[in-house]
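Have a look at run.cif below; it lists mmCIF, N, CA and C atoms and all ligand atoms.
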data_data
loop_
_atom_site.label_atom_id
_atom_site.label_comp_id
_atom_site.auth_asym_id
_atom_site.auth_seq_id
_atom_site.Cartn_x
_atom_site.Cartn_y
_atom_site.Cartn_z
N MET A 27 -45.96 5.37 20.22
CA MET A 27 -46.77 4.65 21.19
C MET A 27 -48.24 5.07 21.04
N THR A 28 -49.10 4.11 21.11
CA THR A 28 -50.50 4.43 20.94
C THR A 28 -51.25 4.50 22.26
N GLY A 29 -50.60 4.09 23.36
CA GLY A 29 -51.30 4.09 24.64
C GLY A 29 -52.42 3.08 24.63
N ARG A 30 -53.40 3.32 25.46
CA ARG A 30 -54.53 2.40 25.42
C ARG A 30 -55.82 3.17 25.24
N HIS A 31 -56.73 2.53 24.55
CA HIS A 31 -57.97 3.19 24.17
C HIS A 31 -59.14 2.35 24.66
N ARG A 32 -60.05 2.96 25.42
CA ARG A 32 -61.22 2.22 25.89
C ARG A 32 -62.14 1.94 24.72
N LEU A 33 -62.55 0.68 24.59
CA LEU A 33 -63.39 0.26 23.46
C LEU A 33 -64.86 0.19 23.86
N THR A 34 -65.14 -0.66 24.83
CA THR A 34 -66.53 -0.86 25.26
C THR A 34 -66.48 -1.64 26.57
N SER A 35 -67.63 -2.09 27.03
CA SER A 35 -67.65 -2.87 28.27
C SER A 35 -67.85 -4.35 27.97
N VAL A 36 -67.41 -5.19 28.88
CA VAL A 36 -67.63 -6.63 28.76
C VAL A 36 -69.13 -6.91 28.69
N GLU A 37 -69.88 -6.19 29.48
CA GLU A 37 -71.33 -6.37 29.52
C GLU A 37 -71.94 -6.15 28.13
N THR A 38 -71.49 -5.11 27.44
CA THR A 38 -72.03 -4.82 26.10
C THR A 38 -71.72 -5.96 25.14
N ILE A 39 -70.51 -6.47 25.21
CA ILE A 39 -70.13 -7.57 24.31
C ILE A 39 -70.98 -8.80 24.60
N GLU A 40 -71.18 -9.08 25.88
CA GLU A 40 -72.00 -10.25 26.23
C GLU A 40 -73.44 -10.06 25.78
N GLU A 41 -73.93 -8.85 25.88
CA GLU A 41 -75.31 -8.57 25.47
C GLU A 41 -75.47 -8.67 23.95
N GLU A 42 -74.49 -8.12 23.23
CA GLU A 42 -74.61 -8.05 21.77
C GLU A 42 -74.04 -9.28 21.08
N GLY A 43 -73.30 -10.10 21.80
CA GLY A 43 -72.72 -11.31 21.23
C GLY A 43 -71.35 -11.10 20.64
N ALA A 44 -71.10 -9.92 20.09
CA ALA A 44 -69.80 -9.56 19.53
C ALA A 44 -69.81 -8.05 19.30
N TRP A 45 -68.62 -7.47 19.11
CA TRP A 45 -68.52 -6.01 18.95
C TRP A 45 -67.41 -5.73 17.94
N LEU A 46 -67.72 -4.95 16.93
CA LEU A 46 -66.78 -4.72 15.84
C LEU A 46 -66.22 -3.30 15.87
N PHE A 47 -64.93 -3.18 15.61
CA PHE A 47 -64.35 -1.85 15.46
C PHE A 47 -63.25 -1.89 14.40
N THR A 48 -62.78 -0.73 14.02
CA THR A 48 -61.78 -0.62 12.95
C THR A 48 -60.52 0.05 13.50
N VAL A 49 -59.38 -0.52 13.14
CA VAL A 49 -58.09 0.06 13.52
C VAL A 49 -57.29 0.39 12.27
N ARG A 50 -56.30 1.22 12.46
CA ARG A 50 -55.29 1.44 11.41
C ARG A 50 -54.11 0.57 11.79
N ASP A 51 -53.74 -0.36 10.91
CA ASP A 51 -52.68 -1.31 11.27
C ASP A 51 -51.29 -0.80 10.91
N SER A 52 -50.28 -1.65 11.14
CA SER A 52 -48.89 -1.21 10.94
C SER A 52 -48.56 -1.00 9.46
N HIS A 53 -49.42 -1.48 8.56
CA HIS A 53 -49.23 -1.24 7.12
C HIS A 53 -50.04 -0.03 6.66
N ASP A 54 -50.58 0.71 7.61
CA ASP A 54 -51.38 1.89 7.30
C ASP A 54 -52.68 1.54 6.56
N GLU A 55 -53.19 0.37 6.86
CA GLU A 55 -54.45 -0.08 6.27
C GLU A 55 -55.51 -0.14 7.36
N ASN A 56 -56.75 0.06 6.98
CA ASN A 56 -57.85 -0.13 7.92
C ASN A 56 -58.14 -1.62 8.07
N THR A 57 -58.24 -2.08 9.29
CA THR A 57 -58.50 -3.48 9.57
C THR A 57 -59.62 -3.59 10.59
N GLU A 58 -60.58 -4.47 10.31
CA GLU A 58 -61.68 -4.69 11.26
C GLU A 58 -61.25 -5.69 12.32
N VAL A 59 -61.67 -5.41 13.55
CA VAL A 59 -61.35 -6.28 14.67
C VAL A 59 -62.65 -6.63 15.39
N LEU A 60 -62.72 -7.88 15.81
CA LEU A 60 -63.91 -8.43 16.42
C LEU A 60 -63.64 -8.74 17.89
N LEU A 61 -64.47 -8.21 18.78
CA LEU A 61 -64.40 -8.59 20.20
C LEU A 61 -65.46 -9.64 20.46
N VAL A 62 -65.05 -10.74 21.08
CA VAL A 62 -66.00 -11.81 21.37
C VAL A 62 -65.86 -12.25 22.82
N PRO A 63 -66.96 -12.72 23.41
CA PRO A 63 -66.88 -13.23 24.78
C PRO A 63 -66.03 -14.50 24.83
N CYS A 64 -65.28 -14.64 25.90
CA CYS A 64 -64.45 -15.82 26.08
C CYS A 64 -64.39 -16.13 27.56
N GLU A 65 -64.80 -17.31 27.91
CA GLU A 65 -64.73 -17.70 29.33
C GLU A 65 -63.62 -18.70 29.50
N ASN A 66 -62.65 -18.39 30.33
CA ASN A 66 -61.57 -19.34 30.61
C ASN A 66 -61.26 -19.29 32.10
N PRO A 67 -60.44 -20.22 32.58
CA PRO A 67 -60.20 -20.32 34.03
C PRO A 67 -59.54 -19.07 34.61
N GLU A 68 -58.86 -18.28 33.80
CA GLU A 68 -58.21 -17.08 34.33
C GLU A 68 -59.19 -15.92 34.45
N GLY A 69 -60.39 -16.11 33.95
CA GLY A 69 -61.40 -15.09 34.12
C GLY A 69 -61.42 -14.04 33.02
N GLU A 70 -60.50 -14.15 32.07
CA GLU A 70 -60.52 -13.21 30.94
C GLU A 70 -61.84 -13.38 30.21
N ALA A 71 -62.56 -12.32 30.03
CA ALA A 71 -63.92 -12.47 29.52
C ALA A 71 -64.07 -12.12 28.05
N VAL A 72 -63.01 -11.56 27.45
CA VAL A 72 -63.11 -11.09 26.07
C VAL A 72 -61.80 -11.35 25.34
N GLU A 73 -61.90 -11.66 24.05
CA GLU A 73 -60.72 -11.74 23.20
C GLU A 73 -60.97 -10.90 21.95
N ALA A 74 -59.89 -10.51 21.27
CA ALA A 74 -60.00 -9.69 20.06
C ALA A 74 -59.30 -10.39 18.91
N TRP A 75 -60.01 -10.50 17.78
CA TRP A 75 -59.47 -11.17 16.59
C TRP A 75 -59.71 -10.31 15.37
N VAL A 76 -58.75 -10.33 14.45
CA VAL A 76 -58.98 -9.67 13.16
C VAL A 76 -60.18 -10.34 12.50
N ASN A 77 -61.06 -9.53 11.97
CA ASN A 77 -62.34 -10.01 11.43
C ASN A 77 -62.15 -10.61 10.03
N ARG A 78 -61.40 -11.70 9.97
CA ARG A 78 -61.07 -12.27 8.67
C ARG A 78 -60.81 -13.76 8.83
N CYS A 79 -61.61 -14.57 8.17
CA CYS A 79 -61.38 -16.01 8.20
C CYS A 79 -60.03 -16.33 7.57
N THR A 80 -59.34 -17.31 8.12
CA THR A 80 -58.01 -17.68 7.62
C THR A 80 -58.09 -18.42 6.29
N HIS A 81 -59.25 -18.86 5.89
CA HIS A 81 -59.37 -19.61 4.64
C HIS A 81 -59.42 -18.68 3.43
N GLU A 82 -60.49 -17.92 3.30
CA GLU A 82 -60.61 -17.04 2.12
C GLU A 82 -60.92 -15.60 2.53
N ALA A 83 -60.43 -15.21 3.67
CA ALA A 83 -60.56 -13.82 4.12
C ALA A 83 -62.01 -13.34 4.26
N GLN A 84 -62.91 -14.28 4.44
CA GLN A 84 -64.30 -13.93 4.67
C GLN A 84 -64.44 -13.19 6.01
N ALA A 85 -65.24 -12.11 6.02
CA ALA A 85 -65.52 -11.44 7.29
C ALA A 85 -66.37 -12.36 8.17
N LEU A 86 -65.97 -12.52 9.41
CA LEU A 86 -66.73 -13.35 10.34
C LEU A 86 -67.92 -12.57 10.89
N TYR A 87 -67.69 -11.28 11.11
CA TYR A 87 -68.76 -10.38 11.56
C TYR A 87 -69.17 -9.57 10.34
N ARG A 88 -70.44 -9.66 9.98
CA ARG A 88 -70.93 -8.92 8.82
C ARG A 88 -71.91 -7.85 9.25
N GLU A 89 -71.79 -6.70 8.62
CA GLU A 89 -72.66 -5.59 8.95
C GLU A 89 -74.13 -5.99 8.76
N GLY A 90 -74.94 -5.68 9.72
CA GLY A 90 -76.36 -5.99 9.62
C GLY A 90 -76.70 -7.41 10.07
N VAL A 91 -75.69 -8.23 10.19
CA VAL A 91 -75.90 -9.63 10.58
C VAL A 91 -75.22 -9.91 11.92
N GLY A 92 -74.01 -9.38 12.08
CA GLY A 92 -73.23 -9.67 13.28
C GLY A 92 -72.41 -10.93 13.08
N ALA A 93 -71.98 -11.52 14.18
CA ALA A 93 -71.21 -12.75 14.13
C ALA A 93 -72.05 -13.88 14.68
N VAL A 94 -71.89 -15.04 14.10
CA VAL A 94 -72.57 -16.23 14.62
C VAL A 94 -71.61 -16.92 15.58
N ILE A 95 -72.01 -17.01 16.84
CA ILE A 95 -71.18 -17.67 17.85
C ILE A 95 -71.99 -18.79 18.45
N ARG A 96 -71.41 -20.00 18.37
CA ARG A 96 -72.13 -21.18 18.82
C ARG A 96 -71.21 -22.00 19.72
N GLU A 97 -71.63 -22.22 20.94
CA GLU A 97 -70.88 -23.05 21.89
C GLU A 97 -69.41 -22.65 21.98
N GLY A 98 -69.20 -21.34 22.13
CA GLY A 98 -67.84 -20.85 22.32
C GLY A 98 -66.99 -20.80 21.06
N GLU A 99 -67.65 -20.88 19.89
CA GLU A 99 -66.90 -20.84 18.63
C GLU A 99 -67.54 -19.85 17.68
N VAL A 100 -66.68 -19.09 16.95
CA VAL A 100 -67.18 -18.20 15.91
C VAL A 100 -67.31 -19.00 14.63
N VAL A 101 -68.45 -18.89 13.99
CA VAL A 101 -68.72 -19.67 12.77
C VAL A 101 -68.45 -18.81 11.54
N CYS A 102 -67.62 -19.31 10.63
CA CYS A 102 -67.40 -18.60 9.36
C CYS A 102 -68.65 -18.76 8.49
N PRO A 103 -69.21 -17.63 8.01
CA PRO A 103 -70.45 -17.73 7.25
C PRO A 103 -70.28 -18.31 5.85
N LYS A 104 -69.04 -18.42 5.38
CA LYS A 104 -68.85 -18.87 3.99
C LYS A 104 -68.82 -20.40 3.87
N HIS A 105 -67.93 -21.04 4.62
CA HIS A 105 -67.83 -22.50 4.51
C HIS A 105 -68.05 -23.21 5.84
N GLY A 106 -68.30 -22.46 6.90
CA GLY A 106 -68.73 -23.08 8.14
C GLY A 106 -67.65 -23.52 9.11
N SER A 107 -66.38 -23.25 8.82
CA SER A 107 -65.36 -23.56 9.82
C SER A 107 -65.65 -22.77 11.09
N THR A 108 -65.28 -23.34 12.24
CA THR A 108 -65.52 -22.63 13.50
C THR A 108 -64.21 -22.42 14.24
N PHE A 109 -64.11 -21.27 14.90
CA PHE A 109 -62.89 -20.85 15.60
C PHE A 109 -63.19 -20.66 17.07
N ASP A 110 -62.37 -21.23 17.92
CA ASP A 110 -62.52 -21.08 19.37
C ASP A 110 -62.42 -19.59 19.74
N THR A 111 -63.39 -19.08 20.48
CA THR A 111 -63.35 -17.65 20.80
C THR A 111 -62.20 -17.28 21.72
N CYS A 112 -61.69 -18.25 22.50
CA CYS A 112 -60.60 -17.96 23.44
C CYS A 112 -59.22 -18.08 22.78
N SER A 113 -59.02 -19.11 21.95
CA SER A 113 -57.69 -19.34 21.37
C SER A 113 -57.60 -18.87 19.92
N GLY A 114 -58.73 -18.69 19.26
CA GLY A 114 -58.74 -18.34 17.84
C GLY A 114 -58.47 -19.52 16.94
N TYR A 115 -58.30 -20.70 17.52
CA TYR A 115 -57.89 -21.87 16.75
C TYR A 115 -59.09 -22.56 16.09
N CYS A 116 -58.83 -23.06 14.88
CA CYS A 116 -59.84 -23.80 14.13
C CYS A 116 -59.35 -25.23 13.93
N ASP A 117 -60.19 -26.21 14.23
CA ASP A 117 -59.78 -27.61 14.04
C ASP A 117 -60.71 -28.33 13.07
N ASN A 118 -61.38 -27.57 12.21
CA ASN A 118 -62.38 -28.21 11.36
C ASN A 118 -62.54 -27.50 10.02
N GLY A 119 -63.02 -28.25 9.05
CA GLY A 119 -63.40 -27.67 7.76
C GLY A 119 -62.24 -27.09 6.97
N GLU A 120 -62.59 -26.15 6.09
CA GLU A 120 -61.60 -25.57 5.17
C GLU A 120 -60.48 -24.82 5.87
N ALA A 121 -60.76 -24.26 7.02
CA ALA A 121 -59.76 -23.46 7.74
C ALA A 121 -59.03 -24.26 8.83
N ALA A 122 -59.16 -25.58 8.79
CA ALA A 122 -58.58 -26.43 9.85
C ALA A 122 -57.10 -26.18 10.06
N GLU A 123 -56.70 -26.23 11.33
CA GLU A 123 -55.30 -26.08 11.76
C GLU A 123 -54.73 -24.70 11.48
N THR A 124 -55.58 -23.70 11.55
CA THR A 124 -55.13 -22.31 11.46
C THR A 124 -55.71 -21.57 12.67
N SER A 125 -55.19 -20.37 12.89
CA SER A 125 -55.70 -19.53 13.98
C SER A 125 -55.96 -18.13 13.47
N LEU A 126 -56.98 -17.52 14.02
CA LEU A 126 -57.26 -16.11 13.71
C LEU A 126 -56.10 -15.25 14.19
N VAL A 127 -55.96 -14.08 13.58
CA VAL A 127 -54.91 -13.14 13.99
C VAL A 127 -55.39 -12.37 15.21
N SER A 128 -54.58 -12.37 16.26
CA SER A 128 -55.01 -11.73 17.51
C SER A 128 -54.62 -10.26 17.56
N VAL A 129 -55.36 -9.53 18.35
CA VAL A 129 -55.09 -8.11 18.62
C VAL A 129 -55.03 -7.96 20.13
N ASP A 130 -54.05 -7.21 20.63
CA ASP A 130 -53.86 -7.12 22.08
C ASP A 130 -54.88 -6.18 22.72
N ILE A 131 -55.57 -6.72 23.71
CA ILE A 131 -56.49 -5.91 24.51
C ILE A 131 -56.24 -6.20 25.98
N GLU A 132 -56.81 -5.36 26.82
CA GLU A 132 -56.81 -5.60 28.27
C GLU A 132 -58.23 -5.44 28.77
N VAL A 133 -58.56 -6.22 29.78
CA VAL A 133 -59.86 -6.09 30.43
C VAL A 133 -59.61 -5.67 31.87
N GLU A 134 -60.22 -4.57 32.26
CA GLU A 134 -60.02 -4.06 33.62
C GLU A 134 -61.32 -3.47 34.13
N ASN A 135 -61.73 -3.93 35.28
CA ASN A 135 -62.97 -3.44 35.89
C ASN A 135 -64.15 -3.45 34.93
N GLY A 136 -64.23 -4.52 34.14
CA GLY A 136 -65.37 -4.66 33.24
C GLY A 136 -65.28 -3.84 31.97
N GLN A 137 -64.15 -3.16 31.77
CA GLN A 137 -63.97 -2.35 30.56
C GLN A 137 -62.89 -2.98 29.69
N VAL A 138 -63.05 -2.81 28.38
CA VAL A 138 -62.11 -3.41 27.44
C VAL A 138 -61.29 -2.30 26.78
N TYR A 139 -59.96 -2.49 26.79
CA TYR A 139 -59.06 -1.47 26.24
C TYR A 139 -58.21 -2.07 25.13
N LEU A 140 -58.04 -1.32 24.05
CA LEU A 140 -57.10 -1.69 23.00
C LEU A 140 -55.70 -1.26 23.45
N VAL A 141 -54.75 -2.22 23.46
CA VAL A 141 -53.39 -1.88 23.91
C VAL A 141 -52.35 -2.33 22.88
N ASP A 142 -52.78 -2.72 21.70
CA ASP A 142 -51.87 -3.25 20.68
C ASP A 142 -51.09 -2.10 20.04
N GLU A 143 -49.77 -2.17 20.13
CA GLU A 143 -48.98 -1.06 19.61
C GLU A 143 -48.96 -1.02 18.08
N ASN A 144 -49.46 -2.08 17.43
CA ASN A 144 -49.54 -2.09 15.97
C ASN A 144 -50.93 -1.76 15.46
N ALA A 145 -51.80 -1.34 16.35
CA ALA A 145 -53.19 -1.06 15.94
C ALA A 145 -53.66 0.22 16.60
N GLN A 146 -53.99 1.19 15.76
CA GLN A 146 -54.48 2.47 16.27
C GLN A 146 -56.00 2.51 16.09
N PHE A 147 -56.72 2.78 17.17
CA PHE A 147 -58.18 2.82 17.08
C PHE A 147 -58.63 3.89 16.10
N MET A 148 -59.59 3.50 15.21
CA MET A 148 -60.16 4.46 14.27
C MET A 148 -61.59 4.81 14.67
N TYR A 149 -62.46 3.79 14.67
CA TYR A 149 -63.85 4.04 15.03
C TYR A 149 -64.57 2.72 15.28
N GLU A 150 -65.71 2.80 15.93
CA GLU A 150 -66.56 1.63 16.13
C GLU A 150 -67.21 1.26 14.81
N GLY A 151 -67.36 -0.03 14.55
CA GLY A 151 -68.06 -0.49 13.36
C GLY A 151 -67.11 -0.91 12.26
N PRO A 152 -67.68 -1.20 11.08
CA PRO A 152 -66.88 -1.75 9.98
C PRO A 152 -65.98 -0.71 9.33
N SER A 153 -64.97 -1.21 8.63
CA SER A 153 -64.09 -0.34 7.87
C SER A 153 -64.84 0.27 6.70
N ASN A 154 -64.52 1.52 6.38
CA ASN A 154 -65.14 2.16 5.21
C ASN A 154 -64.25 2.03 3.99
N ASP A 155 -63.38 1.04 3.98
CA ASP A 155 -62.40 0.85 2.91
C ASP A 155 -61.43 2.02 2.86
N ASP A 156 -61.73 3.06 2.13
CA ASP A 156 -60.76 4.17 2.05
C ASP A 156 -60.96 5.14 3.20
N GLY A 157 -62.01 4.96 3.99
CA GLY A 157 -62.21 5.80 5.15
C GLY A 157 -62.66 7.21 4.81
N GLY A 158 -62.49 7.59 3.56
CA GLY A 158 -62.94 8.91 3.14
C GLY A 158 -62.15 10.05 3.74
N ARG A 159 -61.03 9.72 4.35
CA ARG A 159 -60.31 10.79 5.03
C ARG A 159 -58.83 10.82 4.71
N THR A 160 -58.31 9.81 4.02
CA THR A 160 -56.89 9.84 3.68
C THR A 160 -56.72 9.63 2.20
N GLY A 161 -56.31 10.62 1.50
CA GLY A 161 -55.99 10.47 0.09
C GLY A 161 -57.22 10.44 -0.78
N PRO A 162 -57.09 10.89 -1.99
CA PRO A 162 -58.24 11.00 -2.89
C PRO A 162 -58.61 9.70 -3.58
N SER A 163 -57.72 8.74 -3.64
CA SER A 163 -58.00 7.54 -4.43
C SER A 163 -58.50 6.41 -3.56
N SER A 164 -59.57 5.76 -3.99
CA SER A 164 -60.04 4.59 -3.26
C SER A 164 -59.92 3.35 -4.12
N THR A 165 -59.33 3.46 -5.29
CA THR A 165 -59.32 2.32 -6.21
C THR A 165 -57.93 1.81 -6.52
N SER A 166 -56.89 2.53 -6.16
CA SER A 166 -55.58 2.17 -6.69
C SER A 166 -54.75 1.29 -5.77
N HIS A 167 -55.05 1.23 -4.48
CA HIS A 167 -54.10 0.57 -3.60
C HIS A 167 -54.22 -0.94 -3.57
N LEU A 168 -55.21 -1.50 -4.26
CA LEU A 168 -55.30 -2.96 -4.28
C LEU A 168 -55.01 -3.53 -5.66
N GLN A 169 -54.23 -2.82 -6.44
CA GLN A 169 -53.89 -3.31 -7.78
C GLN A 169 -53.08 -4.60 -7.69
N LEU A 170 -53.30 -5.48 -8.65
CA LEU A 170 -52.52 -6.73 -8.70
C LEU A 170 -51.33 -6.57 -9.61
S1 LIG B 1 -63.83 -18.62 4.03
FE1 LIG B 1 -64.07 -19.28 6.08
S2 LIG B 1 -64.05 -21.43 5.96
FE2 LIG B 1 -63.83 -20.78 3.90
#

Would you encode the structure as structure tokens?
Ligand code: FES
Amino acid sequence: MTGRHRLTSVETIEEEGAWLFTVRDSHDENTEVLLVPCENPEGEAVEAWVNRCTHEAQALYREGVGAVIREGEVVCPKHGSTFDTCSGYCDNGEAAETSLVSVDIEVENGQVYLVDENAQFMYEGPSNDDGGRTGPSSTSHLQL
């Protein structure tokens, strides 16, 4: 069990437009996750999506650039498909009729918590690929 881990505040996400962090997933890989503002009738103010376009695995949030969010949709910087920040669904362009991969979070008293039992919080910000902390090799695990 991973319990729950406080990530940041809703206010910070709204101010910055999006917030990126890295988890260790169930395959023991580092995965980037994107927190984005989401306004819906239930009042949930934030959603969490794996930072990877469903078309060609393009990062939606890029270091130094951030994420482009327009009218409640995250814009893929590669081919321009847009994903609803609340549902993760895309109805346009190259990624049409797909959805981003969700990560379980909770929002309580304006704070956002990671509660996904398949995702262990690593650190704020982008993945460092090998992380520099597990194993000596950074080149062998993506062999074809
Ligand atoms: S990689 Fe995102 S739409 Fe093509």

Could you list, as a ChimeraX atom specification, every residue within 5 Å of Thr111 (chain A), counting all atoms listed in the file and ignoring same-chain residues fewer than 2 positions away?
/A:98-100,109,113-114

Any chance you could tabulate, as a tab-separated table, the residues of chain A at most 8 Å from ligand LIG 1 (chain B) with each one's nearest atom pair and distance in Å to one decimal, using only N, CA and C atoms and all ligand atoms, in chain and rising number order?
residue	atom	partner	partner_atom	distance
A:Arg78	C	B:LIG1	FE1	7.0
A:Cys79	CA	B:LIG1	FE1	4.7
A:Thr80	N	B:LIG1	FE1	5.5
A:His81	C	B:LIG1	S1	4.5
A:Glu82	N	B:LIG1	S1	3.5
A:Ala83	N	B:LIG1	S1	4.8
A:Gln84	N	B:LIG1	S1	4.5
A:Ala85	N	B:LIG1	S1	7.0
A:Leu86	CA	B:LIG1	FE1	7.8
A:Val101	C	B:LIG1	FE1	7.0
A:Cys102	CA	B:LIG1	FE1	4.7
A:Pro103	N	B:LIG1	FE1	5.7
A:Lys104	C	B:LIG1	FE2	5.0
A:His105	N	B:LIG1	S2	4.1
A:Gly106	N	B:LIG1	S2	4.5
A:Ser107	N	B:LIG1	S2	4.1
A:Thr108	N	B:LIG1	S2	6.7
A:Asn118	C	B:LIG1	S2	7.5
A:Gly119	C	B:LIG1	S2	6.0
A:Glu120	CA	B:LIG1	S2	4.9
A:Ala121	N	B:LIG1	S2	4.5
A:Ala122	N	B:LIG1	S2	7.0

Option closest in space to Ala145 (chain A), from A:Ser125, A:Glu42, A:Glu37, A:Val49 [counting only C-alpha atoms]
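Of A:Ser125, A:Glu42, A:Glu37, A:Val49, the one nearest Ala145 (chain A), counting only C-alpha atoms, is A:Val49.
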
Have a look at CA of Arg32 (chain A) and CA of Ser153 (chain A) and let me know their distance in Å, one decimal.
18.4 Å

If you measure from atom N of Phe47 (chain A) to atom N of Glu68 (chain A), what distance in Å do you get, rounded to one decimal?
24.4 Å

Pick out each residue of chain A that DSSP on the backbone tags as helix (DSSP H, G or I); I need them as a PyMOL selection string.
chain A and resi 36-42+119-121

What gap, in Å, lies between atom N of Val141 (chain A) and atom C of Arg30 (chain A)?
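Result for atom N of Val141 (chain A) versus atom C of Arg30 (chain A): 5.8 Å, one decimal.
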
Calculated over only N, CA and C atoms, which of the candidates A:Thr124, A:Ala44, A:Tyr149, A:Val76 has the smallest distance to Glu58 (chain A)?
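Among the listed residues, the smallest separation from Glu58 (chain A) belongs to A:Val76.
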
What residues have an atom no more than 6 Å from (-58.8, 2.3, 14.8) in the file's own frame, counting only C-alpha atoms, and can you write them as a list in words?
Thr48, Val49, Arg50, Gln146, Phe147, Met148 and Tyr149 of chain A

Write out as a ChimeraX atom specification all residues of region 36-154 of chain A that DSSP puts in strand (DSSP E) for this structure's backbone.
/A:45-50,56-63,72-76,94-96,99-101,108-110,115-116,124-125,131-134,137-140,146-150

Expected axis-aligned box over every listed atom of region 44-59 of chain A, 8 Å added per side, centre plus edges in Å to one decimal, as lines of an AutoDock Vina configuration file:
center_x = -59.8
center_y = -4.0
center_z = 13.2
size_x = 38.5
size_y = 27.8
size_z = 29.8

For Val94 (chain A), the nearest of the candidates A:Pro67, A:Gly29, A:Pro152, A:Gly43, counting all atoms listed in the file:
A:Gly43

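Take the candidates A:Glu150, A:Glu89, A:Glu65, A:Glu143 and check each one against Leu46 (chain A) using all atoms listed in the file; the shortest distance goes to A:Glu150.
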